[in-house]
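This report concerns only the one structure given below.
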Amino acid sequence: MINLNDIVSTFSTEDQQKFITYLEKKNKRNDAKNIALFNLLSEDELNSKDISIKLYGSEKKDAYHALRKRLHQSLIDFTANQSLQDENSADMQIIKYLLAAKSFLKQNQHKVAYKILDKAEILATEHYLFPMLNEIYHTKIQYAYANPSVELDPLIIKLKGNQKHIAIENELNIVYVKIRQTLNNIAYKGDVLDFQTILDNTFKTHNININDALSFKSLYQLVTIASISAFITKDYLKIEPFLINTYKSILNYKSKENQLYYHIQILYAIANTLFRNKKFSESMPYLELMHEHMNLKKQKYYTIFKLKYLLLKSLNLNYSNQQELAIQTLEPFIKSKHPDTESLLDINLSLIVYYFQKNDLKKAHQVFSKFYHTDSWYAEKAGKEWVIKKNLIEILLHIELKNIDLAESRLLSFKRGHYSYLKSINQQRVITYLGFVEAYYKNPETVTTKAFKDTVENAFDWIETHKEDIFVISFYSWLKGKINNTDLYQTTITLIKQAQQELTTP
């Protein structure tokens, strides 16, 4: 059955009212139940059987299925119409210009046609619509023989320049998709994806200057590739200058709001990179700028990005010693439903970590109990790394709750399910870490001894704290807190501050 709830959940309050008005105009019968069904789906409190009974007085599967099917088509038609009116208004206007111009050209009204094509060219240039520009230049060149006032050579130069823009967008799209597939397969086997090499080779091949070529859409693809590279290598420091400098370089473009969706994505990526580099005070202004852009165009993209924005805001707060504010930011969304499943899972997992760091184990366990799907389901929705974090937190949580049998069971399951994968991606230190976790819950009295501390110090290939992944620091803080008998959250904050000090020390 079509999951209408996912579609309905993307609608803002304004969109819901517009859709109801759309249905009212479309309905030819007074007893149509599509509005009633839509309202029930918007409330998202009843299952299909209960909705059917509410609508018909009894469970009528065939009638209900037919009604859902009709409503689905109406939702698709409405969404498409809204997109045509909003986001693609420039595209539609250019298409109209092109059709009108070609009609006049066939009637030998060349001057009129070229004036219309000039308007189309200006609009397409402002919105970085390179394929449409190609059609405009092609049309202008095709009929240049019949219009003596047209200078052919400048047109040919424009066409070839525009074709370079199309080529780089095509190349970036291919590279982007291939790397995304690699990420989705989670099968790196220790290989390092060098983003800078990919970037340099792409632009060298096409002989294009990055500052001249980029639109927000193409920069978004580059940013995504860079972020994936950083995700794999856990080295966000390398990509930070590229993200910020390139973003600033294209802010001079007068049409920056014409690609609002991509602009918001870029601001999020920069804010996230700064967070991963422990630069919370620098991340927050980019987050607030993201929020400002989410509110543009009548909050067109607000619902899409709301969870990502709030999650990253809470993470910045939590790791800058504002734990209560971080918790308050996310708590309202524990039971929320949203099409962005990955962000919802991240929100729940982050709250578990906050509660765990606060030593509010009861609340941490309550949220964790909502994770009732299989690991393979979570891997499909949020990635293998998310599953590994979830399982690690679960082991630590059971240890703190003194559920030793459960902790041991989960540890054995972790070994069977993840050890071979961790070895294949050169993450032996996770296995080493769990060895110390196991040693602690079996003999907790030994963890504070000098011998245990020395063993831990010699077991890892330590890197500078400011280069260490912030989530790795979070897990290590638990072990360090046990060794030194210190509070978990304050141990975490101390290590974060140490990393920040290293960043500012020449």
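A note on labels: chains of the structure tokens are A, B, ... as shown, every chain counts residues from 1, and ligands are counted from 1 in their shown order.
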Legend entry - Nearby residues (only C-alpha atoms) at most 8 Å from Ala100 (chain A), same-chain spacing under 3 positions excluded, as an MDAnalysis selection string: chainID A and resid 96:97 103:104 113 116
Inset, instruction - Fewer than 6 positions away in the same chain doesn't count, so skip those; otherwise give me all residues within 12 Å of Pro148 (chain A), counting only C-alpha atoms, as a list in words. - result: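 So, after excluding close chain neighbours, the residues are His110, Lys111, Tyr114 and Ile141 of chain A.
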Inset, instruction - Determine the nearest neighbour of Ala101 (chain A) from the options A:Leu40, A:Ala269, A:Ile463, A:Ala120, counting only C-alpha atoms. - result: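 For Ala101 (chain A), the nearest of the candidates is A:Ala120.
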Legend entry - For Tyr319 (chain A), the nearest of the candidates A:Tyr64, A:Trp462, A:Tyr489, A:Tyr372, counting only C-alpha atoms: A:Tyr489
Inset, instruction - To one decimal in Å, tell me the separation between CA of Ile76 (chain A) and CA of Leu260 (chain A). - result: 22.4 Å
Inset, instruction - Could you check how far CA of Ile174 (chain A) sits from CA of Ile228 (chain A), in Å to one decimal? - result: 14.8 Å
Inset, instruction - Using only C-alpha atoms, pick whichever of A:Asn173, A:Leu41, A:Ile51, A:Ile244 has the shortest atom-to-atom distance to Ile225 (chain A). - result: A:Asn173
Inset, instruction - Would you mind listing what lies within 10 Å of Pro131 (chain A) as a list in words, with only C-alpha atoms counted and same-chain residues fewer than 6 positions away left out? - result: Ala124, Asn162, Gln163, His165 and Ile166 of chain A
Inset, instruction - Name all residues at most 8 Å from Val353 (chain A) (count only C-alpha atoms; drop same-chain ones fewer than 3 positions away) and give them as a ChimeraX atom specification. - result: /A:349-350,356-357,364,393
How about saving the chosen residues, C-alpha atoms kept, as a PDB file, in the first residue's frame?
ATOM      1  CA  LEU A 349      20.694   8.490  19.412  1.00  0.00           C
ATOM      2  CA  SER A 350      22.062  11.937  20.340  1.00  0.00           C
ATOM      3  CA  PHE A 356      24.095   8.944  29.300  1.00  0.00           C
ATOM      4  CA  GLN A 357      26.661  11.726  29.730  1.00  0.00           C
ATOM      5  CA  ALA A 364      18.628   6.950  28.175  1.00  0.00           C
ATOM      6  CA  ILE A 393      26.286   2.915  23.383  1.00  0.00           C
TER       7      ILE A 393
END
For Ala146 (chain A), please output as a compact mmCIF listing (two decimals) with C-alpha atoms, in the first residue's frame all residues within 10 Å (counting only C-alpha atoms; exclusion window: fewer than 3 positions along the same chain).
# COMPACT_ATOMS: atom_id res chain seq x y z
CA LEU A 105 11.19 32.64 -36.41
CA ASN A 108 10.18 35.21 -40.47
CA GLN A 109 9.67 37.72 -37.64
CA HIS A 110 13.35 37.56 -36.75
CA LYS A 111 13.77 40.83 -34.85
CA ILE A 141 23.00 30.55 -34.22
CA GLN A 142 20.61 28.45 -36.32
CA TYR A 143 18.78 31.54 -37.60
CA SER A 149 22.31 42.39 -37.04
CA VAL A 150 23.42 39.21 -35.25
Legend entry - Residues near Thr303 (chain A), cut-off 9 Å, only C-alpha atoms, skip fewer than 3 positions along chain, as a list in words: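 Near neighbours after the sequence-gap exclusion: Ser9, Thr10, Phe11, Ser12, Met294, Gln299, Lys300, Lys306, Leu307 and His338 of chain A.
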Can those selected residues be exported to a file as a PDB file, in the first residue's frame so that it contains N, CA and C atoms?
ATOM      1  N   SER A   9       3.391  14.204   5.633  1.00  0.00           N
ATOM      2  CA  SER A   9       4.253  14.756   6.688  1.00  0.00           C
ATOM      3  C   SER A   9       5.179  15.856   6.182  1.00  0.00           C
ATOM      4  N   THR A  10       5.365  15.946   4.866  1.00  0.00           N
ATOM      5  CA  THR A  10       6.231  16.992   4.307  1.00  0.00           C
ATOM      6  C   THR A  10       5.500  18.317   4.149  1.00  0.00           C
ATOM      7  N   PHE A  11       4.188  18.318   4.319  1.00  0.00           N
ATOM      8  CA  PHE A  11       3.387  19.525   4.109  1.00  0.00           C
ATOM      9  C   PHE A  11       3.434  20.439   5.329  1.00  0.00           C
ATOM     10  N   SER A  12       3.709  21.717   5.086  1.00  0.00           N
ATOM     11  CA  SER A  12       3.598  22.713   6.144  1.00  0.00           C
ATOM     12  C   SER A  12       2.118  22.997   6.389  1.00  0.00           C
ATOM     13  N   MET A 294      16.196  29.128   5.612  1.00  0.00           N
ATOM     14  CA  MET A 294      15.057  28.203   5.718  1.00  0.00           C
ATOM     15  C   MET A 294      13.736  28.962   5.801  1.00  0.00           C
ATOM     16  N   GLN A 299       9.012  29.966   3.900  1.00  0.00           N
ATOM     17  CA  GLN A 299       9.466  28.726   4.566  1.00  0.00           C
ATOM     18  C   GLN A 299       9.312  27.491   3.670  1.00  0.00           C
ATOM     19  N   LYS A 300       9.579  27.696   2.395  1.00  0.00           N
ATOM     20  CA  LYS A 300       9.406  26.606   1.426  1.00  0.00           C
ATOM     21  C   LYS A 300      10.192  25.348   1.810  1.00  0.00           C
ATOM     22  N   LYS A 306      14.399  21.231   8.983  1.00  0.00           N
ATOM     23  CA  LYS A 306      14.212  21.549  10.396  1.00  0.00           C
ATOM     24  C   LYS A 306      14.964  20.596  11.323  1.00  0.00           C
ATOM     25  N   LEU A 307      14.843  19.297  11.087  1.00  0.00           N
ATOM     26  CA  LEU A 307      15.472  18.325  11.983  1.00  0.00           C
ATOM     27  C   LEU A 307      16.996  18.399  11.918  1.00  0.00           C
ATOM     28  N   HIS A 338       8.520  12.071  10.794  1.00  0.00           N
ATOM     29  CA  HIS A 338       9.041  12.982   9.777  1.00  0.00           C
ATOM     30  C   HIS A 338       9.628  12.129   8.656  1.00  0.00           C
TER      31      HIS A 338
END
